[in-house]
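What's in final-v8.tsv: TSV, C-alpha atoms and all ligand atoms
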chain	number	residue	atom	x	y	z
A	27	MET	CA	152.13	52.20	139.38
A	28	SER	CA	154.60	49.54	140.64
A	29	ASP	CA	157.27	52.22	141.21
A	30	PHE	CA	154.76	54.36	143.11
A	31	LEU	CA	153.77	51.44	145.37
A	32	ALA	CA	157.42	50.50	145.95
A	33	ASP	CA	158.30	54.10	146.91
A	34	TRP	CA	155.39	54.26	149.37
A	35	TYR	CA	155.78	50.70	150.73
A	36	LEU	CA	156.66	51.62	154.35
A	37	TRP	CA	153.94	54.28	154.53
A	38	THR	CA	151.37	51.87	153.11
A	39	LYS	CA	152.40	49.24	155.66
A	40	ALA	CA	152.21	51.78	158.51
A	41	PHE	CA	148.65	52.81	157.48
A	42	HIS	CA	147.76	49.13	157.08
A	43	VAL	CA	148.85	48.36	160.67
A	44	VAL	CA	147.01	51.42	162.07
A	45	SER	CA	143.82	50.35	160.25
A	46	VAL	CA	144.26	46.78	161.50
A	47	ILE	CA	144.54	47.98	165.12
A	48	SER	CA	141.35	50.06	164.81
A	49	TRP	CA	139.47	47.18	163.18
A	50	MET	CA	140.63	44.67	165.80
A	51	ALA	CA	139.61	46.99	168.67
A	52	GLY	CA	136.02	46.85	167.37
A	53	LEU	CA	136.12	43.11	166.63
A	54	PHE	CA	137.08	42.49	170.27
A	55	TYR	CA	134.73	45.06	171.82
A	56	LEU	CA	131.45	44.50	169.93
A	57	PRO	CA	130.96	40.86	171.07
A	58	ARG	CA	131.68	42.00	174.67
A	59	LEU	CA	128.89	44.59	174.30
A	60	PHE	CA	126.61	41.77	173.07
A	61	VAL	CA	127.47	39.69	176.18
A	62	TYR	CA	126.38	42.50	178.53
A	63	HIS	CA	123.44	43.39	176.28
A	64	VAL	CA	122.00	39.88	176.48
A	65	GLU	CA	122.86	39.17	180.16
A	66	VAL	CA	122.12	42.47	181.89
A	67	VAL	CA	119.82	44.63	179.75
A	68	GLN	CA	116.01	44.33	179.67
A	69	ALA	CA	114.39	44.73	176.22
A	70	SER	CA	112.71	48.05	175.35
A	71	THR	CA	114.30	50.02	178.21
A	72	PRO	CA	116.44	53.18	177.91
A	73	THR	CA	119.53	51.00	178.58
A	74	ASP	CA	118.53	48.76	175.66
A	75	THR	CA	118.37	51.84	173.41
A	76	LEU	CA	121.75	53.03	174.76
A	77	PHE	CA	123.39	49.67	173.97
A	78	GLN	CA	121.89	49.66	170.48
A	79	THR	CA	123.28	53.14	169.87
A	80	MET	CA	126.76	52.14	171.12
A	81	GLU	CA	126.71	49.00	168.93
A	82	ARG	CA	125.53	50.87	165.82
A	83	ARG	CA	128.11	53.66	166.21
A	84	LEU	CA	130.96	51.24	166.92
A	85	LEU	CA	130.14	49.26	163.78
A	86	ARG	CA	129.40	52.19	161.45
A	87	ALA	CA	131.84	54.85	162.66
A	88	ILE	CA	134.86	52.69	163.50
A	89	MET	CA	134.69	49.07	162.36
A	90	ASN	CA	133.33	49.50	158.81
A	91	PRO	CA	135.80	52.27	157.80
A	92	ALA	CA	138.68	50.43	159.54
A	93	MET	CA	137.88	47.18	157.70
A	94	VAL	CA	137.75	48.99	154.33
A	95	ALA	CA	141.05	50.78	155.07
A	96	THR	CA	142.70	47.49	156.13
A	97	TRP	CA	141.66	45.89	152.83
A	98	VAL	CA	142.69	48.91	150.69
A	99	PHE	CA	146.18	49.21	152.24
A	100	GLY	CA	146.54	45.41	152.43
A	101	LEU	CA	145.75	45.01	148.72
A	102	ALA	CA	148.16	47.88	147.92
A	103	LEU	CA	150.85	45.86	149.76
A	104	VAL	CA	149.90	42.76	147.76
A	105	LEU	CA	150.41	44.76	144.53
A	106	THR	CA	153.77	46.15	145.70
A	107	PRO	CA	156.51	44.38	143.71
A	108	GLY	CA	158.47	41.72	145.60
A	109	ILE	CA	156.41	41.73	148.81
A	110	VAL	CA	154.15	38.70	148.37
A	111	VAL	CA	155.63	35.52	146.90
A	112	TRP	CA	152.62	33.33	146.15
A	113	SER	CA	154.72	30.13	145.99
A	114	GLU	CA	155.27	30.50	149.77
A	115	VAL	CA	152.70	29.23	152.27
A	116	TRP	CA	152.22	32.35	154.47
A	117	PRO	CA	150.23	34.48	151.96
A	118	TRP	CA	147.65	31.69	151.65
A	119	THR	CA	147.43	31.12	155.41
A	120	LYS	CA	147.03	34.86	155.95
A	121	ALA	CA	144.45	35.20	153.14
A	122	ALA	CA	142.32	32.40	154.63
A	123	ALA	CA	142.46	33.95	158.12
A	124	VAL	CA	141.68	37.44	156.75
A	125	LEU	CA	138.63	36.08	154.92
A	126	GLY	CA	137.60	34.48	158.24
A	127	MET	CA	138.00	37.85	160.00
A	128	THR	CA	135.87	39.55	157.32
A	129	TRP	CA	133.19	36.85	157.72
A	130	PHE	CA	133.24	37.43	161.52
A	131	HIS	CA	132.76	41.19	160.98
A	132	HIS	CA	129.65	40.55	158.85
A	133	TRP	CA	128.36	37.97	161.33
A	134	LEU	CA	128.58	40.64	164.08
A	135	GLY	CA	126.69	43.06	161.82
A	136	LEU	CA	123.87	40.50	161.44
A	137	ARG	CA	123.73	39.91	165.21
A	138	ARG	CA	123.50	43.69	165.78
A	139	LYS	CA	120.41	43.72	163.56
A	140	ASP	CA	118.95	40.87	165.66
A	141	PHE	CA	119.28	43.06	168.78
A	142	MET	CA	117.76	45.99	166.87
A	143	ARG	CA	114.68	43.90	165.97
A	144	GLY	CA	114.52	42.48	169.52
A	145	ASP	CA	114.98	38.89	168.37
A	146	ASN	CA	118.50	37.96	169.49
A	147	MET	CA	118.64	34.16	169.80
A	148	LEU	CA	122.14	33.69	171.31
A	149	THR	CA	123.17	33.48	174.97
A	150	GLY	CA	125.95	35.39	176.73
A	151	ARG	CA	127.99	32.18	176.84
A	152	GLN	CA	127.70	31.77	173.05
A	153	TYR	CA	128.86	35.37	172.52
A	154	ARG	CA	131.77	34.74	174.93
A	155	ILE	CA	132.80	31.72	172.83
A	156	MET	CA	132.50	33.71	169.57
A	157	ASN	CA	134.64	36.40	171.20
A	158	GLU	CA	137.60	33.99	170.89
A	159	VAL	CA	137.32	33.83	167.07
A	160	PRO	CA	139.17	37.14	166.39
A	161	THR	CA	141.88	36.18	168.92
A	162	ILE	CA	142.63	32.90	167.15
A	163	LEU	CA	142.58	34.53	163.69
A	164	LEU	CA	144.80	37.38	164.93
A	165	LEU	CA	147.43	34.88	166.13
A	166	ILE	CA	147.36	33.03	162.79
A	167	ILE	CA	147.63	36.29	160.79
A	168	VAL	CA	150.44	37.87	162.81
A	169	PHE	CA	152.55	34.69	162.93
A	170	SER	CA	152.06	34.06	159.21
A	171	VAL	CA	152.86	37.62	158.11
A	172	ILE	CA	155.85	38.16	160.43
A	173	VAL	CA	157.39	34.71	160.96
A	174	LYS	CA	156.32	33.81	157.38
A	175	PHE	CA	156.02	30.09	158.13
B	1	LIG	C1	142.25	42.63	154.70
B	1	LIG	C2	143.12	42.07	153.91
B	1	LIG	C3	144.61	42.09	154.15
B	1	LIG	C4	145.55	42.05	153.18
B	1	LIG	C5	145.27	41.97	151.68
B	1	LIG	C6	146.84	42.10	153.82
B	1	LIG	C7	148.07	42.07	153.17
B	1	LIG	C8	149.28	42.36	153.77
B	1	LIG	C9	150.56	42.39	153.09
B	1	LIG	C10	150.76	42.06	151.63
B	1	LIG	C11	151.49	42.76	154.00
B	1	LIG	C12	152.99	43.02	153.73
B	1	LIG	C13	153.83	41.88	154.23
B	1	LIG	C14	155.28	42.26	154.20
B	1	LIG	O1	155.62	43.43	154.13
B	1	LIG	O2	156.09	41.32	154.27
B	1	LIG	C15	150.83	42.95	155.27
B	1	LIG	C16	151.45	43.34	156.45
B	1	LIG	C17	150.88	43.21	157.68
B	1	LIG	N1	149.59	42.80	157.95
B	1	LIG	FE1	148.11	42.52	156.57
B	1	LIG	N2	146.66	42.17	155.19
B	1	LIG	C18	145.31	42.15	155.44
B	1	LIG	C19	144.71	42.16	156.70
B	1	LIG	C20	145.42	42.08	157.89
B	1	LIG	C21	144.84	41.80	159.18
B	1	LIG	C22	143.36	41.53	159.44
B	1	LIG	C23	145.87	41.83	160.09
B	1	LIG	C24	145.85	41.59	161.59
B	1	LIG	C25	144.85	41.09	162.25
B	1	LIG	C26	147.08	42.15	159.38
B	1	LIG	C27	148.30	42.32	159.98
B	1	LIG	C28	149.44	42.72	159.31
B	1	LIG	C29	150.68	43.09	159.96
B	1	LIG	C30	150.94	43.13	161.47
B	1	LIG	C31	151.59	43.42	158.93
B	1	LIG	C32	153.02	43.92	159.11
B	1	LIG	C33	154.01	42.78	158.97
B	1	LIG	C34	155.44	43.26	158.89
B	1	LIG	O3	155.83	44.12	159.68
B	1	LIG	O4	156.16	42.79	158.02
B	1	LIG	N3	146.77	42.28	158.04
B	1	LIG	N4	149.47	42.68	155.10

Show how you would write the structure in this file as structure tokens.
Amino acid sequence: MSDFLADWYLWTKAFHVVSVISWMAGLFYLPRLFVYHVEVVQASTPTDTLFQTMERRLLRAIMNPAMVATWVFGLALVLTPGIVVWSEVWPWTKAAAVLGMTWFHHWLGLRRKDFMRGDNMLTGRQYRIMNEVPTILLLIIVFSVIVKF
């Protein structure tokens, strides 16, 4: 198993990065959709239904599979011999930020259900602020995994 993972290391990393890009695209876009949904769209109109469809498809067709793929390829990299040295700081920083990103994904899923039920409680400004969460986590993850501080 270790030999197999070592042989496929660069391919695994390439698929990991592709999955990460797809996941991040959704994590940036879905809160933007929520901003417009709450600020511009009237409840129970055809536009409301259209936004709900876009939000559901983005989450189910792109973000959920991309998150699973990111985790699968990421964990394969963790198991690859010699890649992660747990006595260094960066794997822990990255792990904490990745758990934060996964929490944010599930938080967005819960907010989508609020819109679906017609009882969203947050304002456009609050969604704009939450939109910064993936940016901050992305910076922490990329600097920790590449600079390895
Ligand atoms: C979901 C759980 C994740 C795990 C278990 C994981 C684990 C890993 C591991 C072990 C590596 C190899 C590091 C190396 O080759 O030195 C790696 C590479 C990488 N990861 Fe992740 N990762 C995860 C999520 C993410 C996320 C969310 C991002 C970005 C937002 C990300 C961005 C990257 C990048 C850019 C690389 C390539 C670094 C390089 O070129 O050396 N990863 N990941």

List every protein, DNA or RNA residue that has at least one atom no more than 8 Å from (123.6, 48.9, 174.7) in the file's coordinates, counting only C-alpha atoms, and write the result as a PyMOL selection string. chain A and resi 59-60+62-63+67+73-81

Go through chain A and flag each residue having an atom no more than 6 Å from ligand LIG 1 (chain B); for those, report the closest pair of atoms plus their distance in Å to one decimal, using only C-alpha atoms and all ligand atoms, ordered by chain and rising number, as a Markdown table.
| residue | atom | partner | partner_atom | distance |
| --- | --- | --- | --- | --- |
| A:Val43 | CA | B:LIG1 | C29 | 5.6 |
| A:Val46 | CA | B:LIG1 | C23 | 5.4 |
| A:Thr96 | CA | B:LIG1 | C1 | 5.1 |
| A:Trp97 | CA | B:LIG1 | C1 | 3.8 |
| A:Gly100 | CA | B:LIG1 | C4 | 3.6 |
| A:Leu101 | CA | B:LIG1 | C5 | 4.3 |
| A:Leu103 | CA | B:LIG1 | C10 | 4.2 |
| A:Val104 | CA | B:LIG1 | C10 | 4.0 |
| A:Ile109 | CA | B:LIG1 | O2 | 5.5 |
| A:Val110 | CA | B:LIG1 | C10 | 5.8 |
| A:Val124 | CA | B:LIG1 | C22 | 5.2 |
| A:Leu164 | CA | B:LIG1 | C25 | 4.6 |
| A:Ile167 | CA | B:LIG1 | C24 | 5.6 |
| A:Val168 | CA | B:LIG1 | C30 | 5.5 |
| A:Val171 | CA | B:LIG1 | C33 | 5.4 |
| A:Ile172 | CA | B:LIG1 | C33 | 5.2 |

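The protein and nucleic acid residues lying at most 12 Å from Ile155 (chain A) are Phe54, Pro57, Arg58, Phe60, Val61, Leu148, Thr149, Gly150, Pro160, Thr161 and Ile162 of chain A, with all atoms listed in the file considered and sequence neighbours fewer than 5 positions away removed.
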
Quick check, in Å to one decimal: how far apart do CA of Arg151 (chain A) and CA of Phe130 (chain A) lie?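 Spanning CA of Arg151 (chain A) to CA of Phe130 (chain A) is a straight-line distance of 17.0 Å.
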
Among the residues A:Met89, A:Met127, A:Met27, A:Ala95, the one that comes closest to Lys39 (chain A) [using all atoms listed in the file]: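 The shortest atom-to-atom distance to Lys39 (chain A) comes from A:Ala95.
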
With all atoms listed in the file as the counted atoms, please give the residues lying no more than 8 Å from region 30-33 of chain A, apart from itself and same-chain residues fewer than 4 positions off, as a ChimeraX atom specification. /A:102-103,105-107

Could those residues be written to a file, using C-alpha atoms, as a short mmCIF file (atom, residue, chain, number, x, y, z; two decimals), in the frame of the given file?
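Just written: again.cif:
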data_model
loop_
_atom_site.label_atom_id
_atom_site.label_comp_id
_atom_site.auth_asym_id
_atom_site.auth_seq_id
_atom_site.Cartn_x
_atom_site.Cartn_y
_atom_site.Cartn_z
CA ALA A 102 148.16 47.88 147.92
CA LEU A 103 150.85 45.86 149.76
CA LEU A 105 150.41 44.76 144.53
CA THR A 106 153.77 46.15 145.70
CA PRO A 107 156.51 44.38 143.71
#

Report, in Å with one decimal, the straight-line distance from CA of Ala92 (chain A) to CA of Ser48 (chain A). 5.9 Å

Which centre and edge lengths in Å to one decimal define the box along x, y and z that fits every listed atom of region 55-63 of chain A plus 8 Å per side, as lines of an AutoDock Vina configuration file?
center_x = 129.1
center_y = 42.4
center_z = 174.2
size_x = 27.3
size_y = 21.4
size_z = 24.6

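With only C-alpha atoms as the atoms that count, the residue of A:Phe41, A:Trp133, A:Trp49, A:Tyr35 with the shortest distance to Ala87 (chain A) is A:Trp49.
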
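Distance-wise, CA of Leu84 (chain A) and CA of Phe141 (chain A) end up 14.4 Å apart.
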
Residue among A:Phe175, A:Val94, A:Glu158, A:Ser170 lying closest to Tyr55 (chain A), counting all atoms listed in the file: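 Of the candidates, the smallest distance to Tyr55 (chain A) is held by A:Glu158.
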
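The shortest atom-to-atom distance to Ile88 (chain A), with only C-alpha atoms taken into account, belongs to A:Ser45 out of A:Ser28, A:Thr38, A:Ser45, A:Ser113.
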
With all atoms listed in the file as the basis for distance, which of A:Trp112, A:Asp145, A:Leu36, A:His131 is at the shortest distance from Gly52 (chain A)?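 The answer is A:His131, which sits nearest to Gly52 (chain A).
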
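In this comparison, which uses all atoms listed in the file, the residue of A:Arg138, A:Leu85, A:Glu65, A:Ile166 approaching Ala121 (chain A) most closely is A:Ile166.
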